[in-house]
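Step one of this worksheet: look at the structure below.
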Amino acid sequence: MEKTTRTIAPAEVERQLALCDQIAELTAQWPEQPLACVHTYGCQQNEADSEQLRGYLARMGYGFTDDPEKARLILINTCAIREHAEQRVLGNVGQLIHVKRRNPDVLICLCGCMMQEPQVAQKIKESYRHVDLVFGTHALWRFPEMVKSLLTHRSRIFQSPDEAGSIAEGIPVVRQDKVKAWVSIMYGCNNFCSYCIVPYTRGRERSRQPQLILDEVRQLVAEGYKDITLLGQNVNSYGKDLAEPMDFSDLLRACNDIPGEFLIRFMTSHPKDATQKLFETMASCAKVAPMLHLPFQAGNDRVLKVMNRRHTREQYLEKIRALKALIPDVVLTSDIIVGFPGETTEEFEDTLKVLEEVRFDALFTFIFSPRAGTPAASMDDPMPREQKLANFNRLVELQDKISEEKHAAYIGKTVRCLIDGVSDEPGFDFTARTPGNRLVRLTGQGDLVGQFCDVTITAANKWSLFGQLV
Ligand code: 5AD
Ligand code: SF4
């Protein structure tokens with residue numbers, strides 16, 4: 001698969017926008033405004049990509065719906081990280097055949113990481129004949145030309161997945177939220193952890209120009225956004241590929257210097273690239289949220305080596321200690337894989353020891369899933385699934401206990417929280433986030449969404465906190 005990066009010239013994006021305008025002239029003549037249904041699987045990077053696809057669609061004259069039955073265009077942005085995610089996508093795409101039968105005019109489009117895998121694209125071509133368009137992550141910027149072609153010629157389009165990894169500026173966005181926003185600062189990953197498909201589906205690391213990122217953050221603050229997350233597969237290596245290098249800590253500080261009341265979060269960080277300078281920057285920048293998502297995947301050094309993580313358990317713990325020394329209340333989260341090929345139960349227990357020492361606030365836990373084309377997929381994997389599940393359950397049980405204890409420690413405290421939405425849980429009016437991003441449900445009245453308010457925490461469970469406005 002591709003190894004290079006292509007910077008898309010502004011004129012090429014302009015050409016795509018001009019195609020959007022031509023499509024808008026066409027859709028304006030249809031009896032009613034066409035609606036698009038965009039469904040996103042997977043990570044925040046995919047959410048951010050979908051916001052650009054919606055931006056293009058809005059410019060083509062489409063409105064939006066969550067109901068595939070009402071849509072003239074259905075777009076599914078897929079995730080390839082684990083087999084389970086892929087099965088769900090394929091199941092849902094299969095179901096769309098009924099929608100297509102009822103409404104042959106609907107355009108069914110698939111994009112994202114799964115479509116970057118040649119064998120998946122081939123399977124869709126052969127076995128899912130109701131799908132009209134397939135394109136991978138690198139071709140996103142050319143979506144308008146593909147839609148134009150579909151509307152004009154009506155023949156299925158399969159974009160070759162081995163196009164070079166792209167970086168395009170100037171694509172419009174339609175954001176899903178009014179308080180929180182994602183800003184991609186870089187794309188791709190160079191780390192090749194042996195289990196992970198991302199470097200194959202998203203290509204090599206490429207950083208956006210800092211001025212464009214800062215302009216986007218400034219614009220978001222001016223529009224009233226309060227919670228801005230800088231996104232990348234490995235944000236700590238931001239800037240290494242720029243002509244005038246700027247590191248991630250400098251970028252964070254420059255975001256912090258933008259006037260206004262807002263919070264800056266970022267994800268994901270790789271332990272090998274998380275530096276003392278980063279921790280000092282977090283500690284000294286008031287707008288940078290006191291939280292770090294730092295995946296460690298496994299607690300045993302032999303397993304970490306076979307995973308190609310390039311850090312040891314002690315190096316990881318050392319970094320956590322250094323960060324806690326600067327920000328004692330820092331909220332810590334991590335990703336863990338249980339049942340990596342060859343991991344024994346004894347080695348798995350080293351993961352539990354890391355949990356005991358660090359005391360994460362929350363974890364994202366996964367059972368290893370072999371991904372075709374990655375080195376780990378062909379490694380010997382003798383442990384029976386039941387044993388992996390038993391280990392997984394031990395991990396979840398331990399973390400639940402720690403999360404519950406950590407949440408209970410908030411009770412009685414008053415925390416400045418950002419009210420970010422309306423609560424769907426009976427008895428509570430709003431949802432809010434602590435600076436460290438823990439969920440709070442609270443009662444209160446008025447138009448408070450988007451405001452920072454002091455909240456007294458009155459109760460907690462392992463998932464969230466409950467409170468009252470002060
Ligand atoms: N199997 C299980 N979990 C995986 N992850 C990535 N690849 C795999 C895989 N093949 C997990 C890692 C990563 C998170 C985003 O998904 O923990 O940090
Ligand atoms: Fe995958 Fe490792 Fe890159 Fe994260 S750092 S995206 S786990 S290869």
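By order in the structure tokens, chains are A, B, ...; within a chain, residues start at 1; ligands start at 1, following the order shown.
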Using only C-alpha atoms, tabulate the residues of range 66-116 of chain A lying at most 12 Å from any atom of range 156-177 of chain A, each with its closest atom pair and that distance in Å to one decimal, by chain and increasing residue number, as JSON lines.
{"residue": "A:Leu107", "atom": "CA", "partner": "A:Arg156", "partner_atom": "CA", "distance": 9.8}
{"residue": "A:Ile108", "atom": "CA", "partner": "A:Arg156", "partner_atom": "CA", "distance": 9.8}
{"residue": "A:Cys109", "atom": "CA", "partner": "A:Ile157", "partner_atom": "CA", "distance": 9.3}
{"residue": "A:Leu110", "atom": "CA", "partner": "A:Phe158", "partner_atom": "CA", "distance": 9.8}
{"residue": "A:Cys111", "atom": "CA", "partner": "A:Gln159", "partner_atom": "CA", "distance": 9.8}
{"residue": "A:Gly112", "atom": "CA", "partner": "A:Pro161", "partner_atom": "CA", "distance": 10.4}
{"residue": "A:Cys113", "atom": "CA", "partner": "A:Pro161", "partner_atom": "CA", "distance": 9.8}
{"residue": "A:Met114", "atom": "CA", "partner": "A:Pro161", "partner_atom": "CA", "distance": 10.0}
{"residue": "A:Met115", "atom": "CA", "partner": "A:Pro161", "partner_atom": "CA", "distance": 7.2}
{"residue": "A:Gln116", "atom": "CA", "partner": "A:Pro161", "partner_atom": "CA", "distance": 5.0}
### Query
Could you write out, as a PyMOL selection string, all the residues of range 285-406 of chain A that DSSP marks as helix (DSSP H, G or I)?
chain A and resi 301-306+313-326+345-358+375-378+385-406
Take the residues from that selection and put them in a file with C-alpha atoms, as a tab-separated table (two decimals), in the first residue's frame.
chain	number	residue	atom	x	y	z
A	301	ASP	CA	7.88	-6.04	28.41
A	302	ARG	CA	8.08	-9.15	26.24
A	303	VAL	CA	4.56	-8.54	24.94
A	304	LEU	CA	5.25	-4.83	24.41
A	305	LYS	CA	8.29	-5.75	22.34
A	306	VAL	CA	6.36	-8.14	20.10
A	313	ARG	CA	6.48	-0.88	31.26
A	314	GLU	CA	8.94	1.00	33.49
A	315	GLN	CA	9.39	3.79	30.91
A	316	TYR	CA	5.62	4.15	30.77
A	317	LEU	CA	5.27	4.27	34.54
A	318	GLU	CA	8.13	6.75	34.79
A	319	LYS	CA	6.29	9.13	32.45
A	320	ILE	CA	3.08	8.81	34.44
A	321	ARG	CA	4.99	9.60	37.65
A	322	ALA	CA	6.58	12.65	36.01
A	323	LEU	CA	3.18	13.92	34.87
A	324	LYS	CA	1.53	13.29	38.26
A	325	ALA	CA	4.38	15.18	39.95
A	326	LEU	CA	3.38	18.24	37.90
A	345	THR	CA	-2.02	-15.28	31.80
A	346	GLU	CA	1.06	-14.50	33.90
A	347	GLU	CA	2.10	-11.82	31.42
A	348	PHE	CA	-1.46	-10.48	31.38
A	349	GLU	CA	-1.24	-10.08	35.15
A	350	ASP	CA	1.51	-7.49	34.58
A	351	THR	CA	-1.20	-5.38	32.92
A	352	LEU	CA	-3.27	-5.60	36.10
A	353	LYS	CA	-0.24	-4.39	38.08
A	354	VAL	CA	-0.02	-1.28	35.91
A	355	LEU	CA	-3.69	-0.57	36.63
A	356	GLU	CA	-3.05	-0.86	40.36
A	357	GLU	CA	-0.09	1.49	40.20
A	358	VAL	CA	-1.45	4.16	37.85
A	375	PRO	CA	2.37	-8.90	11.48
A	376	ALA	CA	0.34	-9.99	14.54
A	377	ALA	CA	-2.31	-11.63	12.35
A	378	SER	CA	0.12	-14.41	11.44
A	385	ARG	CA	-10.86	-17.60	23.56
A	386	GLU	CA	-12.50	-18.54	26.88
A	387	GLN	CA	-9.21	-17.85	28.69
A	388	LYS	CA	-8.85	-14.49	26.91
A	389	LEU	CA	-12.38	-13.64	27.94
A	390	ALA	CA	-11.71	-14.64	31.55
A	391	ASN	CA	-8.62	-12.39	31.59
A	392	PHE	CA	-10.58	-9.58	29.95
A	393	ASN	CA	-13.28	-9.83	32.62
A	394	ARG	CA	-10.68	-9.66	35.40
A	395	LEU	CA	-9.33	-6.48	33.82
A	396	VAL	CA	-12.75	-4.86	33.52
A	397	GLU	CA	-13.65	-5.82	37.07
A	398	LEU	CA	-10.49	-4.28	38.49
A	399	GLN	CA	-10.92	-1.09	36.46
A	400	ASP	CA	-14.59	-0.78	37.45
A	401	LYS	CA	-13.54	-0.86	41.08
A	402	ILE	CA	-10.84	1.80	40.53
A	403	SER	CA	-13.18	4.02	38.47
A	404	GLU	CA	-15.83	3.80	41.16
A	405	GLU	CA	-13.32	4.74	43.86
A	406	LYS	CA	-11.90	7.60	41.84
Neighbouring residues of ligand 1 are defined here as those with any atom at most 8 Å from a ligand atom, counting only C-alpha atoms and all ligand atoms; list them as a CSV table (one decimal) with all heavy atoms, in the first residue's frame.
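So selection.csv came out as:
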chain,number,residue,atom,x,y,z
A,43,CYS,N,-13.4,6.0,15.2
A,43,CYS,CA,-12.8,7.0,16.1
A,43,CYS,C,-13.2,8.4,15.7
A,43,CYS,O,-13.9,8.7,14.8
A,43,CYS,CB,-11.3,6.9,15.9
A,43,CYS,SG,-10.7,7.2,14.3
A,81,ILE,N,-10.7,-1.1,12.6
A,81,ILE,CA,-9.7,-1.3,13.7
A,81,ILE,C,-9.8,-2.7,14.3
A,81,ILE,O,-8.8,-3.4,14.6
A,81,ILE,CB,-9.8,-0.2,14.8
A,81,ILE,CG1,-8.6,-0.3,15.7
A,81,ILE,CG2,-11.1,-0.4,15.7
A,81,ILE,CD1,-7.6,0.7,15.4
A,82,ARG,N,-11.1,-3.3,14.4
A,82,ARG,CA,-11.2,-4.6,14.9
A,82,ARG,C,-12.3,-5.3,14.0
A,82,ARG,O,-13.1,-4.7,13.4
A,82,ARG,CB,-11.7,-4.6,16.3
A,82,ARG,CG,-10.6,-4.4,17.3
A,82,ARG,CD,-11.1,-4.2,18.7
A,82,ARG,NE,-11.9,-2.9,18.8
A,82,ARG,CZ,-11.3,-1.7,19.0
A,82,ARG,NH1,-10.0,-1.6,19.1
A,82,ARG,NH2,-12.1,-0.6,19.0
A,83,GLU,N,-12.2,-6.7,14.0
A,83,GLU,CA,-13.1,-7.4,13.2
A,83,GLU,C,-14.6,-7.1,13.5
A,83,GLU,O,-15.4,-7.0,12.6
A,83,GLU,CB,-12.8,-8.9,13.3
A,83,GLU,CG,-13.4,-9.7,12.2
A,83,GLU,CD,-13.2,-11.2,12.3
A,83,GLU,OE1,-12.4,-11.6,13.1
A,83,GLU,OE2,-13.9,-11.9,11.5
A,195,TYR,N,-0.1,-5.1,15.7
A,195,TYR,CA,-1.5,-5.6,15.6
A,195,TYR,C,-2.4,-4.6,14.8
A,195,TYR,O,-3.5,-4.9,14.6
A,195,TYR,CB,-2.1,-5.6,17.1
A,195,TYR,CG,-1.8,-4.4,17.9
A,195,TYR,CD1,-2.6,-3.3,17.7
A,195,TYR,CD2,-0.7,-4.3,18.7
A,195,TYR,CE1,-2.3,-2.1,18.4
A,195,TYR,CE2,-0.4,-3.2,19.4
A,195,TYR,CZ,-1.2,-2.0,19.3
A,195,TYR,OH,-0.9,-0.9,19.9
A,196,CYS,N,-1.8,-3.4,14.5
A,196,CYS,CA,-2.7,-2.3,14.1
A,196,CYS,C,-2.8,-2.1,12.6
A,196,CYS,O,-1.7,-2.0,11.9
A,196,CYS,CB,-2.2,-1.0,14.8
A,196,CYS,SG,-3.3,0.4,14.6
A,197,ILE,N,-4.0,-1.8,12.1
A,197,ILE,CA,-4.2,-1.6,10.7
A,197,ILE,C,-4.1,-0.2,10.3
A,197,ILE,O,-3.9,0.1,9.1
A,197,ILE,CB,-5.6,-2.2,10.3
A,197,ILE,CG1,-5.8,-2.3,8.8
A,197,ILE,CG2,-6.7,-1.4,10.9
A,197,ILE,CD1,-5.8,-3.7,8.3
A,198,VAL,N,-4.1,0.7,11.3
A,198,VAL,CA,-4.1,2.2,11.0
A,198,VAL,C,-3.0,2.7,10.0
A,198,VAL,O,-3.3,3.4,9.1
A,198,VAL,CB,-4.2,3.0,12.3
A,198,VAL,CG1,-4.0,4.5,12.0
A,198,VAL,CG2,-5.5,2.8,12.9
A,295,PRO,N,-2.3,5.5,25.8
A,295,PRO,CA,-2.4,4.0,25.7
A,295,PRO,C,-1.1,3.3,26.0
A,295,PRO,O,-0.1,3.7,25.6
A,295,PRO,CB,-2.7,3.8,24.2
A,295,PRO,CG,-3.3,5.1,23.7
A,295,PRO,CD,-2.6,6.1,24.5
A,296,PHE,N,-1.2,2.2,26.8
A,296,PHE,CA,0.0,1.4,27.1
A,296,PHE,C,-0.2,0.0,26.6
A,296,PHE,O,0.8,-0.7,26.4
A,296,PHE,CB,0.4,1.4,28.6
A,296,PHE,CG,-0.4,0.6,29.5
A,296,PHE,CD1,0.0,-0.7,29.8
A,296,PHE,CD2,-1.6,1.1,30.1
A,296,PHE,CE1,-0.7,-1.4,30.7
A,296,PHE,CE2,-2.3,0.3,31.0
A,296,PHE,CZ,-1.9,-0.9,31.3
A,297,GLN,N,-1.4,-0.5,26.2
A,297,GLN,CA,-1.7,-1.7,25.5
A,297,GLN,C,-1.4,-3.0,26.3
A,297,GLN,O,-2.2,-3.9,26.3
A,297,GLN,CB,-1.0,-1.8,24.2
A,297,GLN,CG,-1.0,-0.6,23.3
A,297,GLN,CD,-2.4,-0.2,22.8
A,297,GLN,OE1,-3.4,-0.9,23.1
A,297,GLN,NE2,-2.6,0.9,22.1
A,334,SER,N,-6.5,5.1,29.2
A,334,SER,CA,-5.6,4.3,28.4
A,334,SER,C,-6.3,3.3,27.5
A,334,SER,O,-7.5,3.1,27.8
A,334,SER,CB,-4.6,3.6,29.3
A,334,SER,OG,-3.5,3.1,28.6
A,335,ASP,N,-5.6,2.8,26.6
A,335,ASP,CA,-6.2,1.6,25.8
A,335,ASP,C,-5.4,0.4,26.1
A,335,ASP,O,-4.1,0.5,26.3
A,335,ASP,CB,-5.9,1.9,24.3
A,335,ASP,CG,-6.7,3.0,23.7
A,335,ASP,OD1,-7.7,3.5,24.4
A,335,ASP,OD2,-6.4,3.4,22.6
A,336,ILE,N,-6.1,-0.7,26.2
A,336,ILE,CA,-5.4,-2.0,26.6
A,336,ILE,C,-5.9,-3.1,25.6
A,336,ILE,O,-7.1,-3.2,25.4
A,336,ILE,CB,-5.7,-2.4,28.0
A,336,ILE,CG1,-5.0,-1.4,28.9
A,336,ILE,CG2,-5.2,-3.8,28.3
A,336,ILE,CD1,-5.3,-1.5,30.4
A,337,ILE,N,-5.0,-3.9,25.2
A,337,ILE,CA,-5.4,-5.1,24.4
A,337,ILE,C,-5.1,-6.4,25.3
A,337,ILE,O,-4.0,-6.5,25.8
A,337,ILE,CB,-4.6,-5.2,23.1
A,337,ILE,CG1,-4.9,-4.0,22.2
A,337,ILE,CG2,-4.8,-6.5,22.4
A,337,ILE,CD1,-4.1,-3.9,20.9
A,338,VAL,N,-6.1,-7.2,25.4
A,338,VAL,CA,-6.0,-8.4,26.1
A,338,VAL,C,-5.9,-9.6,25.1
A,338,VAL,O,-6.6,-9.5,24.1
A,338,VAL,CB,-7.2,-8.7,27.1
A,338,VAL,CG1,-7.1,-10.0,27.7
A,338,VAL,CG2,-7.3,-7.6,28.1
A,340,PHE,N,-3.2,-10.7,23.3
A,340,PHE,CA,-2.3,-10.5,22.1
A,340,PHE,C,-1.7,-11.9,21.9
A,340,PHE,O,-1.4,-12.6,22.9
A,340,PHE,CB,-1.2,-9.5,22.4
A,340,PHE,CG,-0.3,-9.2,21.3
A,340,PHE,CD1,-0.7,-8.4,20.3
A,340,PHE,CD2,0.9,-9.8,21.2
A,340,PHE,CE1,0.1,-8.2,19.2
A,340,PHE,CE2,1.7,-9.6,20.1
A,340,PHE,CZ,1.3,-8.8,19.1
A,364,PHE,N,-10.2,2.0,27.9
A,364,PHE,CA,-10.8,1.4,26.7
A,364,PHE,C,-10.1,0.1,26.5
A,364,PHE,O,-8.9,0.0,26.3
A,364,PHE,CB,-10.6,2.3,25.5
A,364,PHE,CG,-11.2,3.7,25.7
A,364,PHE,CD1,-10.4,4.7,26.3
A,364,PHE,CD2,-12.5,3.9,25.4
A,364,PHE,CE1,-11.0,6.0,26.5
A,364,PHE,CE2,-13.1,5.2,25.6
A,364,PHE,CZ,-12.3,6.2,26.1
A,365,THR,N,-10.9,-1.0,26.7
A,365,THR,CA,-10.3,-2.3,26.7
A,365,THR,C,-10.8,-3.2,25.6
A,365,THR,O,-11.9,-3.1,25.2
A,365,THR,CB,-10.7,-3.0,28.0
A,365,THR,OG1,-12.1,-2.9,28.2
A,365,THR,CG2,-10.0,-2.4,29.2
A,366,PHE,N,-9.8,-3.9,25.0
A,366,PHE,CA,-10.2,-4.6,23.7
A,366,PHE,C,-9.5,-6.0,23.8
A,366,PHE,O,-8.5,-6.2,24.4
A,366,PHE,CB,-9.6,-3.9,22.5
A,366,PHE,CG,-9.9,-2.5,22.5
A,366,PHE,CD1,-9.0,-1.5,22.8
A,366,PHE,CD2,-11.2,-2.0,22.1
A,366,PHE,CE1,-9.3,-0.2,22.8
A,366,PHE,CE2,-11.5,-0.7,22.1
A,366,PHE,CZ,-10.6,0.3,22.4
A,367,ILE,N,-10.2,-7.0,23.2
A,367,ILE,CA,-9.6,-8.3,23.0
A,367,ILE,C,-9.0,-8.3,21.6
A,367,ILE,O,-9.5,-7.7,20.7
A,367,ILE,CB,-10.7,-9.4,23.1
A,367,ILE,CG1,-11.2,-9.5,24.6
A,367,ILE,CG2,-10.1,-10.8,22.7
A,367,ILE,CD1,-12.2,-10.6,24.8
A,368,PHE,N,-7.7,-8.8,21.6
A,368,PHE,CA,-7.0,-8.8,20.3
A,368,PHE,C,-7.9,-9.3,19.2
A,368,PHE,O,-8.5,-10.4,19.3
A,368,PHE,CB,-5.7,-9.7,20.4
A,368,PHE,CG,-5.0,-9.9,19.1
A,368,PHE,CD1,-4.4,-8.8,18.5
A,368,PHE,CD2,-5.1,-11.1,18.5
A,368,PHE,CE1,-3.7,-9.0,17.3
A,368,PHE,CE2,-4.5,-11.3,17.2
A,368,PHE,CZ,-3.8,-10.3,16.6
A,369,SER,N,-7.8,-8.6,18.1
A,369,SER,CA,-8.5,-9.0,16.9
A,369,SER,C,-7.6,-9.0,15.7
A,369,SER,O,-6.9,-8.0,15.4
A,369,SER,CB,-9.7,-8.0,16.6
A,369,SER,OG,-10.2,-8.1,15.4
A,370,PRO,N,-7.3,-10.2,15.1
A,370,PRO,CA,-6.3,-10.2,14.0
A,370,PRO,C,-6.8,-9.4,12.8
A,370,PRO,O,-7.9,-9.6,12.3
A,370,PRO,CB,-6.2,-11.7,13.6
A,370,PRO,CG,-7.4,-12.4,14.3
A,370,PRO,CD,-8.0,-11.5,15.3
A,371,ARG,N,-5.9,-8.6,12.3
A,371,ARG,CA,-6.2,-7.7,11.1
A,371,ARG,C,-5.3,-8.2,9.9
A,371,ARG,O,-4.1,-8.1,10.0
A,371,ARG,CB,-6.0,-6.3,11.4
A,371,ARG,CG,-6.7,-5.7,12.6
A,371,ARG,CD,-8.1,-5.4,12.4
A,371,ARG,NE,-8.9,-6.6,12.1
A,371,ARG,CZ,-10.0,-6.6,11.3
A,371,ARG,NH1,-10.3,-5.5,10.7
A,371,ARG,NH2,-10.6,-7.7,11.0
A,376,ALA,N,0.9,-9.2,13.5
A,376,ALA,CA,0.3,-10.0,14.5
A,376,ALA,C,-0.7,-11.0,14.0
A,376,ALA,O,-0.9,-12.0,14.7
A,376,ALA,CB,-0.3,-9.1,15.6
### Message
Taking only C-alpha atoms and all ligand atoms and a cut-off of 7 Å, can you tell me which residues surround ligand 2, written as number ranges by chain?
### Response
A: 189-193, 196-199, 233-234, 270
### Among the residues A:Ala85, A:Leu150, A:Ala36, A:Ala48, the one that comes closest to Tyr187 in chain A [using only C-alpha atoms]
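Answer, going by the shortest atom-to-atom distance: A:Ala48.
Interatomic distance, CA of Ala274 in chain A against CA of Ala289 in chain A: 15.8 Å.
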### Spatial neighbours of Gly446 in chain A, max dist 12 Å, only C-alpha atoms, sep filter under 6 positions, as a list of chain:residue names
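Using only C-alpha atoms, the neighbours found are A:Ile419, A:Val422, A:Asp429, A:Phe430, A:Leu469.
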### Summary
A straight line from CA of Gly94 in chain A to CA of His130 in chain A spans 8.7 Å
### Message
Using DSSP assignments from the backbone, pull out every residue in range 129-371 of chain A that falls under strand (DSSP E) and give it to me as a VMD selection string.
### Response
chain A and resid 133 to 134 157 to 158 165 to 167 180 to 184 186 to 187 206 to 207 227 to 231 263 to 267 291 to 293 331 to 338 362 to 367
### Task
Considering only C-alpha atoms, return as a PyMOL selection string whatever protein or nucleic-acid residues lie within 6 Å of range 248-258 of chain A, sequence-local ones (same chain, fewer than 3 positions apart) excluded.
chain A and resi 236+238+278+287
### Query
Could you pull the residues within 6 Å of range 330-333 of chain A, counting only C-alpha atoms, minus those fewer than 2 positions along the same chain, as number ranges by chain?
A: 290-293, 327-328, 360-363, 436
### Message
As an exercise, work out the distance from CA of Val99 in chain A to CA of Glu69 in chain A in Å and give it to one decimal place.
### Response
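The value is 6.3 Å.
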Do a neighbour search on Pro382 in chain A at 10 Å with only C-alpha atoms, toss out local chain neighbours closer than 4 positions, and write the hits as a CSV table (one decimal) with N, CA, C and O atoms, in the first residue's frame.
chain,number,residue,atom,x,y,z
A,339,GLY,N,-5.0,-10.6,25.4
A,339,GLY,CA,-5.0,-11.7,24.5
A,339,GLY,C,-4.2,-11.5,23.2
A,339,GLY,O,-4.5,-12.1,22.2
A,341,PRO,N,-1.4,-12.3,20.6
A,341,PRO,CA,-0.8,-13.6,20.4
A,341,PRO,C,0.4,-14.0,21.2
A,341,PRO,O,1.3,-13.2,21.3
A,342,GLY,N,0.3,-15.1,22.0
A,342,GLY,CA,1.4,-15.5,22.8
A,342,GLY,C,1.4,-15.0,24.2
A,342,GLY,O,2.2,-15.4,25.1
A,343,GLU,N,0.5,-14.0,24.5
A,343,GLU,CA,0.5,-13.4,25.9
A,343,GLU,C,-0.1,-14.5,26.8
A,343,GLU,O,-1.1,-15.1,26.6
A,344,THR,N,0.7,-14.8,27.9
A,344,THR,CA,0.3,-15.8,28.8
A,344,THR,C,-0.5,-15.1,29.9
A,344,THR,O,-0.5,-13.9,30.0
